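Chemist: My questions will all concern the structure given below.
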Amino acid sequence: MGPADDSYDITVRNVPAGWTYTYTTPAGTFSGPSTLMLASGATASFLLEIDSQGNTGPASVIFQATSQNESLNAASLRFRKLNGFQVFLVDDDGGEERETYVEPILDAAGVTWDIWRMSDGELTATDLQNAGQSVFWMCGRTQPTLTPNDRAALGTYMDGGGKLFLSGCNIANTLCNPGNPYYTPESLQWFETYLHATYVTFYQPCFTVVGTPGDPIGDGIEGMAISGSGDNQQIPDGILPGPGANLVFTCTPSEDADAGIRWEQGPTQVVYFAFGIEGIVEDDDRNLVVGRIIDWFGIETSIRAPEVVPPEVLLAQNAPNPFNPITTISFELPKPTIVNLGIYDLSGQLVRILIDGRTIEAGRNERIWNGRDATGRTAAAGVYFYRLEAGDFIETKKMVLLK
């Protein structure tokens, strides 16, 4: 810049400990400070490569060029790299802040997560694969939703065994309705191939959703209220499960279409809601649903801590006991085992499933019961039982919930 030739001091800052970087300019490739000379009016491109060296977490690296002739003449660019999280949260709501309904739940669950806002740039399949064990992609009313680039990235990610939770109104209408200006035959094919759903109708009245009995996400949810939280539920879609998909939520008052499905094949898992997760009225209901998705994806949370492998299955007394309203149930496994853990009332009725036939790793494991039933409602005070089934091992212990 300016009438005279100039030299620029190039630096890279904020690289996390244990990570490495290199950058290439017309002057060469460097892994530390360098100098670049430019003639007046000339430009130069550079390539910055950041390597996490197997470390997980975020990086916010700054590339800066400062004029030697005039120190106030400086330019800096910030680059973000996210990798190795349990949940990669994608904010694709056009600035409507739908993500704020999910962020506290991820914090409370103890999972590692970070967020990418699509306003900062498009994502590739490699970005998705490196960033997290699972992708939570939240859409709002902004059109178009799931652009061709988004679909290409997600398709490749799913082909590679990805885990996707997709939530938002008007997704099906945008991709599947020939009357929508953003519809293409390719978008319809992508919807049916990767979301494993069938589009039924634009604007499906949906005041409550009812969970499918026995479903790991919807079981026991009998009338979960849906509202226009954030003015986002005005245009929920009507969908049906596609071939091989499972129904999670039906929609009332309508009986012609459904509201949520899930699908899995090998490591690939998809949960798709045709309404925004932020539309769930009660915080406890939303916590329950997101927690079940995390659990179904097999994402380990901070309430789980494998330790020394015991010689046999051991079920500990819950602590504290009596309790109000939270207690911890601990058990130890000598080897990976298929486990069922449930809460029952005095009449023997199932109150809450904490582990539903999943393989649990060897060592010490914990599950927290928050004193709520499968619908998220507060359980009555009294005596309850928790029952552990681990292979041939079956044991039941008593606990007391106080008010």
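For the structure tokens, the naming scheme is as follows: chains receive sequential letters (A, B, ...) according to their order of presentation, residues are indexed from 1 within each chain, and ligands are indexed from 1 in presentation order.
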List the neighbours of Thr268 in chain A out to 6 Å using only C-alpha atoms; skip same-chain residues closer than 4 positions along the sequence, and give me the result as number ranges by chain.

Modeler: A: 161-163, 264

Chemist: If you keep C-alpha atoms, can you produce a file of those selected residues as a short mmCIF file (atom, residue, chain, number, x, y, z; two decimals), in the first residue's frame?

Modeler:
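Once everything was written out, this is selection06.cif:
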```
data_model
loop_
_atom_site.label_atom_id
_atom_site.label_comp_id
_atom_site.auth_asym_id
_atom_site.auth_seq_id
_atom_site.Cartn_x
_atom_site.Cartn_y
_atom_site.Cartn_z
CA GLY A 161 -20.39 -43.26 9.32
CA GLY A 162 -21.40 -39.89 10.76
CA LYS A 163 -23.95 -39.18 13.49
CA GLU A 264 -29.23 -46.19 11.72
#
```

Chemist: Name all residues at most 10 Å from Ser167 in chain A (count only C-alpha atoms; drop same-chain ones fewer than 3 positions away) and give them as an NGL selection string.

Modeler: :A and (98 or 136-140 or 164 or 170-171 or 260 or 271-278)

Chemist: Pick the closest to Gly214 in chain A from A:Thr56, A:Thr328, A:Gln68, A:Asn246: which is it, counting only C-alpha atoms?

Modeler: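 Distance minimum relative to Gly214 in chain A lands on A:Asn246.
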
Chemist: When you count only C-alpha atoms, which of these residues is closest to Val111 in chain A: A:Thr301, A:Ser67, A:Thr20, A:Asn340?

Modeler: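 Of A:Thr301, A:Ser67, A:Thr20, A:Asn340, the one nearest Val111 in chain A is A:Thr301, counting only C-alpha atoms.
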
Chemist: Can you measure CA of Val210 in chain A to CA of Asp283 in chain A for me? One decimal in Å is fine.

Modeler: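 Rounded to one decimal, the two atoms are 16.6 Å apart.
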
Chemist: DSSP on the backbone, strand (DSSP E) only: what residues of range 153-214 of chain A does that give? Format it as number ranges by chain.

Modeler: A: 163-167, 197-201, 206-211

Chemist: When distances are computed from only C-alpha atoms, which of A:Thr208, A:Ser227, A:Ser52, A:Thr201 shows the smallest separation from Asp256 in chain A?

Modeler: A:Thr201
